[in-house]
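As stored in model-v2.csv (CSV, C-alpha atoms):
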chain,number,residue,atom,x,y,z
H,1,MET,CA,8.3,-69.6,75.3
H,2,ILE,CA,4.6,-69.9,75.5
H,3,ASP,CA,2.4,-69.2,72.5
H,4,ASP,CA,-0.3,-66.7,72.8
H,5,MET,CA,-3.5,-68.4,74.1
H,6,GLY,CA,-6.9,-67.1,74.7
H,7,ILE,CA,-10.6,-67.3,74.1
H,8,PHE,CA,-12.6,-65.9,71.2
H,9,ARG,CA,-15.9,-66.5,69.4
H,10,THR,CA,-16.3,-67.5,65.7
H,11,THR,CA,-18.4,-69.4,63.2
H,12,ILE,CA,-17.4,-73.1,62.6
H,13,ALA,CA,-18.6,-76.0,60.4
H,14,VAL,CA,-18.9,-79.5,61.7
H,15,ALA,CA,-19.2,-82.7,59.7
H,16,HIS,CA,-18.9,-86.5,60.0
H,17,ALA,CA,-15.5,-87.6,58.7
H,18,ALA,CA,-17.0,-89.8,56.0
H,19,ARG,CA,-19.6,-87.3,54.9
H,20,ALA,CA,-17.8,-83.9,54.9
H,21,ALA,CA,-20.4,-82.4,52.4
H,22,GLU,CA,-23.1,-82.8,55.0
H,23,ARG,CA,-21.7,-80.2,57.4
H,24,ARG,CA,-23.6,-77.9,59.8
H,25,THR,CA,-22.6,-74.4,60.6
H,26,LEU,CA,-22.6,-73.1,64.2
H,27,THR,CA,-22.3,-69.4,64.9
H,28,ASP,CA,-20.9,-67.6,68.0
H,29,VAL,CA,-18.9,-70.6,69.1
H,30,MET,CA,-16.5,-70.0,72.0
H,31,VAL,CA,-13.0,-71.2,71.1
H,32,ASP,CA,-10.4,-71.8,73.8
H,33,THR,CA,-7.0,-72.0,72.1
H,34,GLY,CA,-5.6,-74.0,74.9
H,35,SER,CA,-8.2,-76.7,74.8
H,36,GLU,CA,-7.7,-80.2,73.5
H,37,TYR,CA,-11.4,-81.0,73.0
H,38,ASN,CA,-14.3,-79.2,71.4
H,39,TRP,CA,-17.8,-79.5,72.9
H,40,ILE,CA,-20.5,-79.8,70.2
H,41,PRO,CA,-24.2,-80.4,71.1
H,42,ARG,CA,-25.1,-84.1,71.1
H,43,THR,CA,-28.2,-83.6,69.0
H,44,LEU,CA,-26.2,-82.0,66.2
H,45,LEU,CA,-23.6,-84.8,66.2
H,46,GLU,CA,-26.4,-87.4,66.2
H,47,GLU,CA,-28.0,-85.7,63.2
H,48,LEU,CA,-24.6,-85.9,61.4
H,49,GLY,CA,-24.2,-89.6,62.3
H,50,VAL,CA,-21.2,-89.0,64.6
H,51,GLU,CA,-21.1,-91.8,67.2
H,52,ALA,CA,-19.2,-92.0,70.5
H,53,VAL,CA,-16.2,-94.3,70.3
H,54,ARG,CA,-15.1,-94.1,73.9
H,55,VAL,CA,-15.8,-92.6,77.3
H,56,ASP,CA,-13.3,-90.1,78.8
H,57,HIS,CA,-13.1,-88.8,82.3
H,58,PHE,CA,-12.8,-85.1,83.1
H,59,GLU,CA,-12.0,-83.5,86.5
H,60,THR,CA,-13.7,-80.2,87.2
H,61,ALA,CA,-12.3,-77.3,89.1
H,62,ASP,CA,-14.2,-78.4,92.2
H,63,GLY,CA,-12.8,-81.9,92.1
H,64,ARG,CA,-15.8,-83.8,90.6
H,65,VAL,CA,-15.0,-86.3,87.9
H,66,LEU,CA,-17.4,-86.4,84.9
H,67,GLU,CA,-17.7,-89.2,82.3
H,68,ARG,CA,-18.4,-88.0,78.8
H,69,PRO,CA,-18.8,-90.0,75.5
H,70,VAL,CA,-16.2,-88.9,72.9
H,71,GLY,CA,-16.7,-89.1,69.1
H,72,PHE,CA,-14.8,-87.6,66.2
H,73,ALA,CA,-15.9,-85.1,63.6
H,74,TRP,CA,-14.3,-82.7,61.1
Show me, as structure tokens, the structure contained in the file I just sent.
Amino acid sequence: MIDDMGIFRTTIAVAHAARAAERRTLTDVMVDTGSEYNWIPRTLLEELGVEAVRVDHFETADGRVLERPVGFAW
């Protein structure tokens, strides 16, 4: 059985794992319940002190492969 999946918009808060009190709120964020990653603007993550820890590769629908830095936040 497959769980219900879909896309909706909501408000979220983002914070550096070590400084949860310094969170930022983002409104009207699109959430894909089937996604494994969240895409947050780089400038916001840099303001929070979130740094990339690795580079992952992503294949697009048209076959292109993109490299993107990946960091972790709460």
Residues near region 29-45 of chain H, anyone? I mean within 7 Å using only C-alpha atoms, not counting same-chain ones fewer than 4 positions away, as a PyMOL selection string. chain H and resi 5-11+49-50
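Proximity to Val14 (chain H) was assessed for H:Val65, H:Glu46, H:Val70, H:His57 counting only C-alpha atoms; the smallest distance is recorded for H:Glu46.
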Taking into account all atoms listed in the file, which residue in the set H:Ala73, H:Leu48, H:Asp56, H:Gly63 is nearest to Ala17 (chain H)? H:Ala73
